[in-house]
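So this one's query_32.txt, compact mmCIF, C-alpha atoms and all ligand atoms:
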# COMPACT_ATOMS: atom_id res chain seq x y z
CA MET A 157 0.00 0.00 0.00
CA HIS A 158 0.95 3.63 -0.46
CA VAL A 159 0.57 4.96 3.09
CA LEU A 160 0.52 8.56 4.32
CA VAL A 161 2.06 8.74 7.80
CA THR A 162 1.64 11.96 9.77
CA GLY A 163 4.12 12.39 12.62
CA ALA A 164 6.47 10.30 10.46
CA THR A 165 9.52 12.00 11.98
CA GLY A 166 8.36 11.44 15.57
CA PHE A 167 9.20 8.85 18.19
CA ILE A 168 6.44 6.42 17.25
CA GLY A 169 5.86 7.56 13.66
CA SER A 170 9.49 6.95 12.68
CA ALA A 171 9.21 3.36 13.95
CA ILE A 172 5.98 2.94 11.97
CA VAL A 173 7.70 4.22 8.81
CA GLN A 174 10.41 1.57 9.22
CA GLU A 175 7.88 -1.14 10.02
CA LEU A 176 5.82 -0.32 6.90
CA ILE A 177 8.84 -0.15 4.59
CA ASN A 178 10.19 -3.44 5.94
CA ALA A 179 6.81 -5.03 5.21
CA GLY A 180 6.87 -3.84 1.59
CA HIS A 181 4.65 -0.77 1.81
CA GLN A 182 5.49 2.60 0.29
CA VAL A 183 5.48 5.47 2.75
CA LEU A 184 4.61 9.09 2.14
CA GLY A 185 5.72 10.85 5.31
CA LEU A 186 4.42 14.24 6.40
CA ALA A 187 7.30 16.62 7.10
CA ARG A 188 7.16 20.25 8.17
CA SER A 189 10.87 21.01 7.93
CA ASP A 190 13.86 20.37 5.70
CA ALA A 191 15.46 18.33 8.47
CA GLY A 192 12.33 16.18 8.76
CA ALA A 193 12.20 15.69 4.99
CA LYS A 194 15.85 14.69 4.93
CA SER A 195 15.38 12.10 7.68
CA LEU A 196 12.41 10.59 5.85
CA ILE A 197 14.35 10.25 2.62
CA ALA A 198 17.19 8.62 4.53
CA ALA A 199 14.66 6.17 5.97
CA GLY A 200 13.46 5.23 2.49
CA ALA A 201 10.18 7.17 2.51
CA GLN A 202 8.79 9.78 0.15
CA VAL A 203 8.09 13.23 1.55
CA HIS A 204 4.84 15.14 1.70
CA ARG A 205 5.47 18.68 2.95
CA GLY A 206 2.78 19.95 5.27
CA GLU A 207 1.60 21.07 8.71
CA LEU A 208 -1.08 19.78 11.02
CA GLU A 209 -2.72 23.20 10.96
CA ASP A 210 -2.56 23.41 7.15
CA LEU A 211 -5.57 21.22 6.46
CA GLU A 212 -5.13 21.45 2.70
CA SER A 213 -1.73 19.81 3.04
CA LEU A 214 -3.36 16.94 4.95
CA ARG A 215 -6.12 16.59 2.38
CA SER A 216 -3.73 16.42 -0.57
CA GLY A 217 -1.57 13.86 1.24
CA ALA A 218 -4.56 11.65 2.03
CA ALA A 219 -5.84 11.95 -1.54
CA ALA A 220 -2.56 10.47 -2.78
CA ALA A 221 -2.62 7.49 -0.40
CA ASP A 222 -4.25 4.06 -0.11
CA GLY A 223 -4.38 4.49 3.66
CA VAL A 224 -3.36 6.91 6.41
CA ILE A 225 -1.73 6.45 9.79
CA HIS A 226 -2.07 9.62 11.85
CA THR A 227 0.46 10.04 14.67
CA GLY A 228 1.32 13.73 14.25
CA PHE A 229 0.62 15.76 17.37
CA ILE A 230 1.76 19.07 18.85
CA HIS A 231 3.27 18.07 22.18
CA ASP A 232 3.18 21.46 23.85
CA PHE A 233 1.60 20.64 27.20
CA SER A 234 1.23 24.35 28.02
CA ARG A 235 -1.48 24.45 25.31
CA PHE A 236 -2.65 20.88 25.44
CA THR A 237 -6.36 21.57 24.92
CA GLU A 238 -5.56 23.61 21.80
CA ALA A 239 -3.29 20.82 20.52
CA CYS A 240 -6.14 18.32 20.99
CA GLU A 241 -8.51 20.58 19.04
CA ILE A 242 -5.93 20.85 16.24
CA ASP A 243 -5.85 17.04 16.26
CA ARG A 244 -9.65 17.00 15.95
CA SER A 245 -9.51 19.24 12.86
CA ALA A 246 -6.68 17.21 11.34
CA ILE A 247 -8.60 13.93 11.74
CA GLU A 248 -11.74 15.49 10.30
CA ALA A 249 -9.78 16.76 7.28
CA LEU A 250 -8.10 13.38 6.66
CA GLY A 251 -11.37 11.50 7.18
CA ALA A 252 -13.32 13.74 4.81
CA VAL A 253 -10.99 12.79 1.95
CA LEU A 254 -11.14 9.07 2.72
CA ALA A 255 -14.91 8.84 3.39
CA GLY A 256 -16.67 6.36 1.16
CA SER A 257 -13.43 5.04 -0.35
CA GLY A 258 -12.82 2.11 2.01
CA ARG A 259 -9.24 3.35 2.40
CA PRO A 260 -8.30 2.99 6.09
CA LEU A 261 -7.45 5.77 8.52
CA ILE A 262 -5.77 4.84 11.81
CA VAL A 263 -5.92 7.62 14.39
CA THR A 264 -4.02 7.84 17.64
CA SER A 265 -5.52 8.16 21.10
CA ALA A 266 -4.44 7.19 24.61
CA THR A 267 -5.53 4.42 26.96
CA ALA A 268 -5.99 7.18 29.56
CA VAL A 269 -9.15 8.43 27.81
CA SER A 270 -10.96 5.39 29.16
CA HIS A 271 -10.13 4.10 32.58
CA THR A 272 -12.06 2.86 35.57
CA PRO A 273 -9.99 2.65 38.75
CA GLY A 274 -9.75 -0.89 40.05
CA ARG A 275 -10.41 -2.69 36.77
CA LEU A 276 -8.81 -3.20 33.37
CA THR A 277 -10.16 -0.94 30.67
CA THR A 278 -10.80 -2.77 27.40
CA GLU A 279 -11.25 -1.91 23.74
CA GLU A 280 -15.01 -2.04 24.31
CA ASP A 281 -14.94 0.85 26.77
CA ALA A 282 -15.95 4.19 25.28
CA PRO A 283 -14.00 7.29 26.33
CA ASN A 284 -15.11 8.10 29.88
CA SER A 285 -12.53 10.55 31.09
CA PRO A 286 -13.02 14.32 30.82
CA VAL A 287 -9.58 14.85 29.29
CA PRO A 288 -9.04 17.07 26.22
CA ARG A 289 -7.56 14.12 24.31
CA VAL A 290 -11.07 12.74 23.93
CA ALA A 291 -11.24 15.11 20.92
CA SER A 292 -9.26 12.58 18.84
CA GLU A 293 -11.80 9.80 19.39
CA GLU A 294 -14.75 12.17 18.94
CA ALA A 295 -13.30 13.19 15.58
CA ALA A 296 -12.79 9.53 14.64
CA ALA A 297 -16.45 8.82 15.43
CA ALA A 298 -17.57 11.87 13.45
CA VAL A 299 -15.70 10.89 10.27
CA MET A 300 -16.78 7.28 10.71
CA ALA A 301 -20.40 8.49 10.72
CA ARG A 302 -19.64 10.18 7.39
CA GLY A 303 -18.50 6.90 5.87
CA ALA A 304 -14.76 6.77 6.54
CA HIS A 305 -13.07 3.47 7.50
CA VAL A 306 -11.50 4.58 10.79
CA ALA A 307 -9.85 2.65 13.60
CA VAL A 308 -8.53 4.12 16.84
CA MET A 309 -5.15 3.13 18.31
CA ARG A 310 -5.04 3.74 22.05
CA LEU A 311 -1.49 4.05 23.34
CA PRO A 312 -0.17 3.55 26.87
CA GLN A 313 3.34 4.70 27.84
CA VAL A 314 5.42 3.89 24.76
CA HIS A 315 9.01 3.15 25.59
CA ASP A 316 12.49 2.34 24.41
CA PRO A 317 15.79 3.32 26.03
CA VAL A 318 15.51 6.85 24.55
CA LYS A 319 11.98 7.90 25.52
CA GLN A 320 9.26 6.54 27.77
CA GLY A 321 6.11 8.60 27.27
CA LEU A 322 5.14 10.75 30.26
CA ILE A 323 7.86 9.02 32.27
CA THR A 324 10.41 11.08 30.35
CA TYR A 325 8.83 14.12 32.04
CA LEU A 326 8.79 12.33 35.41
CA ILE A 327 12.54 11.81 35.04
CA ALA A 328 13.02 15.53 34.38
CA THR A 329 10.91 16.34 37.46
CA ALA A 330 12.88 13.95 39.67
CA ARG A 331 16.14 15.42 38.38
CA GLU A 332 14.97 18.95 39.12
CA LYS A 333 13.59 18.13 42.60
CA GLY A 334 16.39 15.74 43.62
CA VAL A 335 13.85 13.03 44.60
CA SER A 336 11.75 10.54 42.67
CA ALA A 337 8.19 10.45 44.02
CA TYR A 338 5.01 8.40 43.95
CA LEU A 339 1.65 9.16 45.50
CA GLY A 340 0.26 7.32 48.53
CA ASP A 341 1.19 3.63 48.38
CA GLY A 342 2.23 3.96 44.73
CA LEU A 343 0.17 0.94 43.72
CA ASN A 344 -1.70 2.82 40.97
CA ARG A 345 -0.82 1.26 37.62
CA TRP A 346 0.25 2.58 34.22
CA PRO A 347 0.12 0.34 31.14
CA ALA A 348 3.04 0.24 28.72
CA VAL A 349 4.26 -0.99 25.33
CA HIS A 350 7.60 -1.14 23.57
CA ARG A 351 7.89 1.31 20.67
CA LEU A 352 8.54 -1.42 18.07
CA ASP A 353 5.57 -3.51 19.24
CA ALA A 354 3.37 -0.41 18.92
CA ALA A 355 4.68 0.17 15.38
CA ARG A 356 3.87 -3.40 14.38
CA LEU A 357 0.36 -3.05 15.75
CA TYR A 358 -0.27 0.08 13.65
CA ARG A 359 0.75 -1.91 10.56
CA LEU A 360 -1.58 -4.80 11.46
CA ALA A 361 -4.43 -2.36 12.09
CA LEU A 362 -3.80 -0.79 8.69
CA GLU A 363 -3.62 -4.12 6.88
CA LYS A 364 -6.47 -5.98 8.54
CA GLY A 365 -8.23 -3.73 11.03
CA SER A 366 -11.98 -3.24 11.09
CA ALA A 367 -13.79 0.05 10.62
CA GLY A 368 -14.92 1.40 13.98
CA ALA A 369 -12.49 -0.76 15.99
CA ARG A 370 -10.50 0.45 18.94
CA TYR A 371 -7.15 -1.22 19.52
CA ASN A 372 -5.23 -1.14 22.80
CA ALA A 373 -1.48 -1.21 22.13
CA VAL A 374 -0.86 -2.66 25.56
CA ALA A 375 1.95 -5.11 26.31
CA GLU A 376 2.01 -4.66 30.09
CA GLU A 377 -1.42 -4.13 31.60
CA GLY A 378 -0.29 -2.07 34.55
CA VAL A 379 3.14 -1.31 35.97
CA PRO A 380 2.82 -0.01 39.56
CA PHE A 381 3.77 3.66 39.68
CA ARG A 382 6.01 2.96 42.66
CA GLN A 383 8.15 0.61 40.52
CA ILE A 384 8.48 3.37 37.93
CA ALA A 385 9.51 5.86 40.61
CA GLU A 386 12.04 3.35 41.99
CA ALA A 387 13.56 2.80 38.53
CA ILE A 388 13.91 6.58 38.15
CA GLY A 389 15.48 6.75 41.62
CA ARG A 390 18.00 4.03 40.65
CA GLY A 391 18.81 5.75 37.39
CA LEU A 392 19.30 9.22 38.80
CA LYS A 393 20.71 7.99 42.12
CA VAL A 394 18.17 10.05 44.05
CA PRO A 395 15.94 9.03 46.99
CA VAL A 396 12.49 7.60 46.28
CA VAL A 397 9.77 9.14 48.43
CA ALA A 398 6.01 8.90 48.95
CA LYS A 399 4.00 12.12 48.58
CA SER A 400 0.49 12.82 49.81
CA ALA A 401 -2.31 13.99 47.53
CA GLU A 402 -1.85 17.48 49.03
CA GLU A 403 1.85 17.49 48.06
CA ALA A 404 1.25 16.20 44.52
CA GLY A 405 0.94 19.57 42.78
CA ALA A 406 4.11 20.97 44.35
CA HIS A 407 6.17 17.97 43.25
CA PHE A 408 4.63 16.87 39.95
CA GLY A 409 3.25 20.16 38.59
CA TRP A 410 1.10 19.49 35.48
CA LEU A 411 1.82 15.77 35.82
CA ALA A 412 0.03 15.56 39.20
CA HIS A 413 -3.25 14.53 37.58
CA PHE A 414 -1.56 11.66 35.72
CA ALA A 415 0.58 10.59 38.67
CA ALA A 416 -2.59 9.83 40.62
CA LEU A 417 -4.23 7.72 37.93
CA ASP A 418 -4.79 3.98 38.21
CA MET A 419 -5.38 3.10 34.58
CA PRO A 420 -4.62 -0.58 33.87
CA ALA A 421 -5.63 -1.65 30.38
CA SER A 422 -6.14 -4.94 28.57
CA SER A 423 -5.25 -5.75 24.97
CA ALA A 424 -6.86 -9.22 24.91
CA LEU A 425 -9.33 -8.27 22.16
CA THR A 426 -6.64 -6.51 20.12
CA ARG A 427 -4.38 -9.58 20.28
CA GLU A 428 -7.25 -11.86 19.30
CA ARG A 429 -8.49 -9.67 16.45
CA LEU A 430 -5.15 -8.76 14.89
CA GLY A 431 -2.93 -11.66 15.97
CA TRP A 432 -0.58 -9.20 17.68
CA ARG A 433 2.01 -10.62 20.08
CA PRO A 434 4.22 -8.03 21.77
CA LYS A 435 7.87 -9.12 21.91
CA GLY A 436 9.77 -6.14 23.29
CA VAL A 437 11.33 -5.81 26.72
CA GLY A 438 9.23 -4.35 29.52
CA LEU A 439 9.06 -0.76 30.72
CA ILE A 440 11.28 -1.23 33.78
CA SER A 441 13.97 -2.98 31.68
CA ASP A 442 14.01 -0.05 29.27
CA LEU A 443 14.09 2.42 32.16
CA ASP A 444 17.07 0.57 33.61
CA GLN A 445 18.83 1.17 30.25
CA ALA A 446 17.48 4.71 29.76
CA ARG A 447 19.87 7.05 27.95
CA ASP A 448 18.39 9.89 30.00
CA PHE A 449 20.30 8.60 33.01
CA GLU A 450 23.64 8.38 31.28
CA SER A 451 26.12 11.02 32.41
CA ARG A 452 23.34 12.98 34.09
CA ALA A 453 23.12 11.16 37.42
CA ASP A 454 26.46 12.72 38.32
CA GLY A 455 24.92 16.13 37.65
CA VAL A 456 22.04 15.39 40.00
CA ALA A 457 24.38 14.17 42.69
CA ALA A 458 26.45 17.34 42.32
CA ALA A 459 23.35 19.54 42.41
CA ARG A 460 22.14 17.84 45.58
CA ALA A 461 25.53 18.15 47.23
CA SER A 462 25.82 21.89 46.49
N1 LIG B 501 4.85 8.50 23.31
C1 LIG B 501 3.89 8.00 24.09
O1 LIG B 501 4.17 7.32 25.08
C2 LIG B 501 2.44 8.27 23.76
C3 LIG B 501 1.45 7.84 24.68
C4 LIG B 501 0.12 8.07 24.37
C5 LIG B 501 -0.23 8.71 23.19
N2 LIG B 501 0.77 9.13 22.33
C6 LIG B 501 0.38 9.78 21.09
O2 LIG B 501 1.03 9.13 20.00
C7 LIG B 501 1.27 10.07 18.94
C8 LIG B 501 2.74 10.07 18.56
O3 LIG B 501 3.50 10.41 19.72
P1 LIG B 501 5.08 10.54 19.70
O4 LIG B 501 5.55 10.17 21.06
O5 LIG B 501 5.64 9.84 18.52
O6 LIG B 501 5.26 12.10 19.49
P2 LIG B 501 6.53 12.96 18.98
O7 LIG B 501 7.79 12.17 19.08
O8 LIG B 501 6.43 14.26 19.71
O9 LIG B 501 6.22 13.19 17.45
C9 LIG B 501 5.26 14.11 17.04
C10 LIG B 501 5.25 14.16 15.53
O10 LIG B 501 4.28 15.16 15.14
C11 LIG B 501 4.95 16.09 14.29
N3 LIG B 501 4.40 17.43 14.46
C12 LIG B 501 4.37 18.16 15.58
N4 LIG B 501 3.80 19.36 15.33
C13 LIG B 501 3.50 19.37 14.01
C14 LIG B 501 2.90 20.31 13.15
N5 LIG B 501 2.50 21.51 13.59
N6 LIG B 501 2.73 19.98 11.84
C15 LIG B 501 3.14 18.76 11.37
N7 LIG B 501 3.71 17.83 12.14
C16 LIG B 501 3.89 18.13 13.45
C17 LIG B 501 6.40 16.05 14.69
O11 LIG B 501 7.18 16.58 13.64
P3 LIG B 501 8.66 17.19 13.90
O12 LIG B 501 9.59 16.03 13.84
O13 LIG B 501 8.82 18.16 12.78
O14 LIG B 501 8.63 17.85 15.25
C18 LIG B 501 6.58 14.56 14.91
O15 LIG B 501 6.73 13.91 13.67
C19 LIG B 501 0.74 11.40 19.45
O16 LIG B 501 -0.61 11.54 19.09
C20 LIG B 501 0.85 11.21 20.96
O17 LIG B 501 0.04 12.11 21.70
C21 LIG B 501 2.08 8.92 22.60
Taking this structure as input, can you express it in the form of structure tokens?
Ligand SMILES: NC(=O)c1ccc[n+]([C@@H]2O[C@H](COP(=O)([O-])OP(=O)(O)OC[C@H]3O[C@@H](n4cnc5c(N)ncnc54)[C@H](OP(=O)(O)O)[C@@H]3O)[C@@H](O)[C@H]2O)c1
Amino acid sequence: MHVLVTGATGFIGSAIVQELINAGHQVLGLARSDAGAKSLIAAGAQVHRGELEDLESLRSGAAAADGVIHTGFIHDFSRFTEACEIDRSAIEALGAVLAGSGRPLIVTSATAVSHTPGRLTTEEDAPNSPVPRVASEEAAAAVMARGAHVAVMRLPQVHDPVKQGLITYLIATAREKGVSAYLGDGLNRWPAVHRLDAARLYRLALEKGSAGARYNAVAEEGVPFRQIAEAIGRGLKVPVVAKSAEEAGAHFGWLAHFAALDMPASSALTRERLGWRPKGVGLISDLDQARDFESRADGVAAARAS
């Protein structure tokens, strides 16, 4: 297939580009800069110049493709709601071009949009969390209603030794504060997947996914937050401490909401429907190899000593 990939230069998108090319697909990668275009060409993809806010560039890219995988996103958490609304418009623009054609559109969401503390969320659970990211799934439903073949990919913390989703920001917080923290007993759970397993699942969803399906790219259903905090403590060589709910904002800042969440997720239906078997190492193994800790732990130790 000739596949348009938005976010093709990103952490997950670049792995998807490689996965698609290795499987014999042709990739048209969205790039907004010369550097992005260059990296796509080096990866063996073709380049489609465009911007998430330039809807015409998205429409022309989708018109040239047999299918679209949408992973582009503006990760500026200081204007997160606006970024989610830009995502809504982008999905609506891509979906409008594909409607009625049977050509698949895979959009990206997060497992956090649907979670019920104390039980595993599944692919059957509709979004139930009042988070701005719900916009992505609302847009998917809207274009589906207009006849587009859309599937939603819900991502947990996606990791390799370079990046680990929101945990990358937790590491920065622990470095800044000189302690790695969890809330209460730290038994609240975050699901996780290795970056390459997530990329393979996007390909399977593109090749054999069903319209209207939600897929949970979950390899580990729920890693206790305390274990994550302990891995960060080991990596940075800083103490690991429990914080109360009242102390959460002062330590975690904008991450306080997430740090409190218990959001275990299942991928049983995804595995059954797409024959997906995650193979990558687990989150804690990747954290124990995290590049973020290399040569920086000394800096933290020095900062704490001064
Ligand atoms: N990583 C995770 O653990 C995780 C967890 C849950 C959900 N997700 C979701 O998964 C998707 C991919 O995440 P990621 O970690 O791969 O993100 P990322 O590494 O930040 O990549 C974002 C991609 O979007 C592109 N982009 C940003 N602003 C753009 C704009 N204005 N116009 C065109 N392209 C633009 C970036 O291009 P440049 O290279 O030019 O910057 C890059 O290719 C996102 O929807 C994200 O919210 C990720």
Can I get the residues close to ligand LIG 501 (chain B) as a VMD selection string, where close means within 8 Å and we count all atoms listed in the file? chain A and resid 162 to 170 186 to 189 191 to 192 206 to 210 226 to 231 264 to 267 310 to 315 319 to 322
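For the pair CA of Leu430 in chain A and CA of Leu176 in chain A, the interatomic distance is 16.0 Å.
Atom pair CA of Phe236 in chain A / CA of Val263 in chain A has a distance of 17.6 Å (rounded to one decimal).
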In terms of all atoms listed in the file, the residue from A:Ile327, A:Val349, A:Ala304, A:Met419 at minimal distance from Ala375 in chain A is A:Val349
Give me the residues within 10 Å of Tyr325 in chain A as a ChimeraX atom specification, counting all atoms listed in the file and dropping any in the same chain fewer than 6 places off. /A:319,331,408,411
Taking C-alpha atoms for each residue, export the selection above as a CSV table (one decimal), in the frame of the given file.
chain,number,residue,atom,x,y,z
A,319,LYS,CA,12.0,7.9,25.5
A,331,ARG,CA,16.1,15.4,38.4
A,408,PHE,CA,4.6,16.9,40.0
A,411,LEU,CA,1.8,15.8,35.8
Because the input lacks atoms here, generate N, CA and C atoms for range 371-407 of chain A and report them as a PDB file, in the frame of the given file.
ATOM      1  N   TYR A 371      -8.200  -0.270  19.174  1.00  0.00           N
ATOM      2  CA  TYR A 371      -7.150  -1.220  19.520  1.00  0.00           C
ATOM      3  C   TYR A 371      -6.339  -0.671  20.685  1.00  0.00           C
ATOM      4  N   ASN A 372      -6.063  -1.531  21.653  1.00  0.00           N
ATOM      5  CA  ASN A 372      -5.230  -1.140  22.800  1.00  0.00           C
ATOM      6  C   ASN A 372      -3.824  -1.694  22.573  1.00  0.00           C
ATOM      7  N   ALA A 373      -2.877  -0.798  22.369  1.00  0.00           N
ATOM      8  CA  ALA A 373      -1.480  -1.210  22.130  1.00  0.00           C
ATOM      9  C   ALA A 373      -0.795  -1.464  23.470  1.00  0.00           C
ATOM     10  N   VAL A 374      -1.311  -2.442  24.182  1.00  0.00           N
ATOM     11  CA  VAL A 374      -0.860  -2.660  25.560  1.00  0.00           C
ATOM     12  C   VAL A 374      -0.095  -3.975  25.666  1.00  0.00           C
ATOM     13  N   ALA A 375       1.174  -3.895  26.068  1.00  0.00           N
ATOM     14  CA  ALA A 375       1.950  -5.110  26.310  1.00  0.00           C
ATOM     15  C   ALA A 375       1.923  -5.468  27.790  1.00  0.00           C
ATOM     16  N   GLU A 376       2.083  -4.460  28.632  1.00  0.00           N
ATOM     17  CA  GLU A 376       2.010  -4.660  30.090  1.00  0.00           C
ATOM     18  C   GLU A 376       0.766  -3.940  30.593  1.00  0.00           C
ATOM     19  N   GLU A 377      -0.106  -4.691  31.236  1.00  0.00           N
ATOM     20  CA  GLU A 377      -1.420  -4.130  31.600  1.00  0.00           C
ATOM     21  C   GLU A 377      -1.319  -3.012  32.627  1.00  0.00           C
ATOM     22  N   GLY A 378      -0.378  -3.121  33.540  1.00  0.00           N
ATOM     23  CA  GLY A 378      -0.290  -2.070  34.550  1.00  0.00           C
ATOM     24  C   GLY A 378       0.976  -2.203  35.374  1.00  0.00           C
ATOM     25  N   VAL A 379       1.907  -1.297  35.179  1.00  0.00           N
ATOM     26  CA  VAL A 379       3.140  -1.310  35.970  1.00  0.00           C
ATOM     27  C   VAL A 379       2.898  -0.382  37.161  1.00  0.00           C
ATOM     28  N   PRO A 380       3.067  -0.881  38.405  1.00  0.00           N
ATOM     29  CA  PRO A 380       2.820  -0.010  39.560  1.00  0.00           C
ATOM     30  C   PRO A 380       3.695   1.246  39.508  1.00  0.00           C
ATOM     31  N   PHE A 381       3.068   2.379  39.762  1.00  0.00           N
ATOM     32  CA  PHE A 381       3.770   3.660  39.680  1.00  0.00           C
ATOM     33  C   PHE A 381       4.999   3.663  40.599  1.00  0.00           C
ATOM     34  N   ARG A 382       4.876   2.984  41.728  1.00  0.00           N
ATOM     35  CA  ARG A 382       6.010   2.960  42.660  1.00  0.00           C
ATOM     36  C   ARG A 382       7.237   2.307  42.008  1.00  0.00           C
ATOM     37  N   GLN A 383       7.010   1.250  41.213  1.00  0.00           N
ATOM     38  CA  GLN A 383       8.150   0.610  40.520  1.00  0.00           C
ATOM     39  C   GLN A 383       8.788   1.564  39.519  1.00  0.00           C
ATOM     40  N   ILE A 384       7.943   2.379  38.888  1.00  0.00           N
ATOM     41  CA  ILE A 384       8.480   3.370  37.930  1.00  0.00           C
ATOM     42  C   ILE A 384       9.327   4.389  38.690  1.00  0.00           C
ATOM     43  N   ALA A 385       8.776   4.862  39.815  1.00  0.00           N
ATOM     44  CA  ALA A 385       9.510   5.860  40.610  1.00  0.00           C
ATOM     45  C   ALA A 385      10.832   5.266  41.118  1.00  0.00           C
ATOM     46  N   GLU A 386      10.808   3.988  41.484  1.00  0.00           N
ATOM     47  CA  GLU A 386      12.040   3.350  41.990  1.00  0.00           C
ATOM     48  C   GLU A 386      13.081   3.219  40.874  1.00  0.00           C
ATOM     49  N   ALA A 387      12.612   2.900  39.656  1.00  0.00           N
ATOM     50  CA  ALA A 387      13.560   2.800  38.530  1.00  0.00           C
ATOM     51  C   ALA A 387      14.187   4.172  38.250  1.00  0.00           C
ATOM     52  N   ILE A 388      13.377   5.218  38.356  1.00  0.00           N
ATOM     53  CA  ILE A 388      13.910   6.580  38.150  1.00  0.00           C
ATOM     54  C   ILE A 388      14.920   6.906  39.266  1.00  0.00           C
ATOM     55  N   GLY A 389      14.564   6.519  40.489  1.00  0.00           N
ATOM     56  CA  GLY A 389      15.480   6.750  41.620  1.00  0.00           C
ATOM     57  C   GLY A 389      16.817   6.052  41.400  1.00  0.00           C
ATOM     58  N   ARG A 390      16.760   4.791  40.933  1.00  0.00           N
ATOM     59  CA  ARG A 390      18.000   4.030  40.650  1.00  0.00           C
ATOM     60  C   ARG A 390      18.817   4.741  39.585  1.00  0.00           C
ATOM     61  N   GLY A 391      18.113   5.153  38.526  1.00  0.00           N
ATOM     62  CA  GLY A 391      18.810   5.750  37.390  1.00  0.00           C
ATOM     63  C   GLY A 391      19.479   7.061  37.725  1.00  0.00           C
ATOM     64  N   LEU A 392      18.756   7.893  38.480  1.00  0.00           N
ATOM     65  CA  LEU A 392      19.300   9.220  38.800  1.00  0.00           C
ATOM     66  C   LEU A 392      20.116   9.222  40.093  1.00  0.00           C
ATOM     67  N   LYS A 393      20.051   8.082  40.808  1.00  0.00           N
ATOM     68  CA  LYS A 393      20.710   7.990  42.120  1.00  0.00           C
ATOM     69  C   LYS A 393      20.160   9.058  43.069  1.00  0.00           C
ATOM     70  N   VAL A 394      18.838   9.126  43.121  1.00  0.00           N
ATOM     71  CA  VAL A 394      18.170  10.050  44.050  1.00  0.00           C
ATOM     72  C   VAL A 394      17.227   9.233  44.936  1.00  0.00           C
ATOM     73  N   PRO A 395      16.866   9.763  46.124  1.00  0.00           N
ATOM     74  CA  PRO A 395      15.940   9.030  46.990  1.00  0.00           C
ATOM     75  C   PRO A 395      14.565   8.898  46.366  1.00  0.00           C
ATOM     76  N   VAL A 396      13.857   7.827  46.757  1.00  0.00           N
ATOM     77  CA  VAL A 396      12.490   7.600  46.280  1.00  0.00           C
ATOM     78  C   VAL A 396      11.562   7.845  47.475  1.00  0.00           C
ATOM     79  N   VAL A 397      10.596   8.735  47.293  1.00  0.00           N
ATOM     80  CA  VAL A 397       9.770   9.140  48.430  1.00  0.00           C
ATOM     81  C   VAL A 397       8.284   9.071  48.084  1.00  0.00           C
ATOM     82  N   ALA A 398       7.464   8.853  49.117  1.00  0.00           N
ATOM     83  CA  ALA A 398       6.010   8.900  48.950  1.00  0.00           C
ATOM     84  C   ALA A 398       5.549  10.330  49.198  1.00  0.00           C
ATOM     85  N   LYS A 399       4.601  10.791  48.378  1.00  0.00           N
ATOM     86  CA  LYS A 399       4.000  12.120  48.580  1.00  0.00           C
ATOM     87  C   LYS A 399       2.509  11.927  48.832  1.00  0.00           C
ATOM     88  N   SER A 400       1.941  12.859  49.584  1.00  0.00           N
ATOM     89  CA  SER A 400       0.490  12.820  49.810  1.00  0.00           C
ATOM     90  C   SER A 400      -0.215  13.512  48.654  1.00  0.00           C
ATOM     91  N   ALA A 401      -1.524  13.330  48.583  1.00  0.00           N
ATOM     92  CA  ALA A 401      -2.310  13.990  47.530  1.00  0.00           C
ATOM     93  C   ALA A 401      -2.122  15.512  47.623  1.00  0.00           C
ATOM     94  N   GLU A 402      -2.003  16.027  48.850  1.00  0.00           N
ATOM     95  CA  GLU A 402      -1.850  17.480  49.030  1.00  0.00           C
ATOM     96  C   GLU A 402      -0.499  17.970  48.490  1.00  0.00           C
ATOM     97  N   GLU A 403       0.499  17.096  48.515  1.00  0.00           N
ATOM     98  CA  GLU A 403       1.850  17.490  48.060  1.00  0.00           C
ATOM     99  C   GLU A 403       2.051  17.272  46.553  1.00  0.00           C
ATOM    100  N   ALA A 404       1.057  16.631  45.911  1.00  0.00           N
ATOM    101  CA  ALA A 404       1.250  16.200  44.520  1.00  0.00           C
ATOM    102  C   ALA A 404       1.553  17.363  43.592  1.00  0.00           C
ATOM    103  N   GLY A 405       0.769  18.441  43.700  1.00  0.00           N
ATOM    104  CA  GLY A 405       0.940  19.570  42.780  1.00  0.00           C
ATOM    105  C   GLY A 405       2.324  20.186  42.901  1.00  0.00           C
ATOM    106  N   ALA A 406       2.804  20.327  44.147  1.00  0.00           N
ATOM    107  CA  ALA A 406       4.110  20.970  44.350  1.00  0.00           C
ATOM    108  C   ALA A 406       5.231  20.135  43.746  1.00  0.00           C
ATOM    109  N   HIS A 407       5.096  18.804  43.800  1.00  0.00           N
ATOM    110  CA  HIS A 407       6.170  17.970  43.250  1.00  0.00           C
ATOM    111  C   HIS A 407       6.005  17.751  41.744  1.00  0.00           C
TER     112      HIS A 407
END
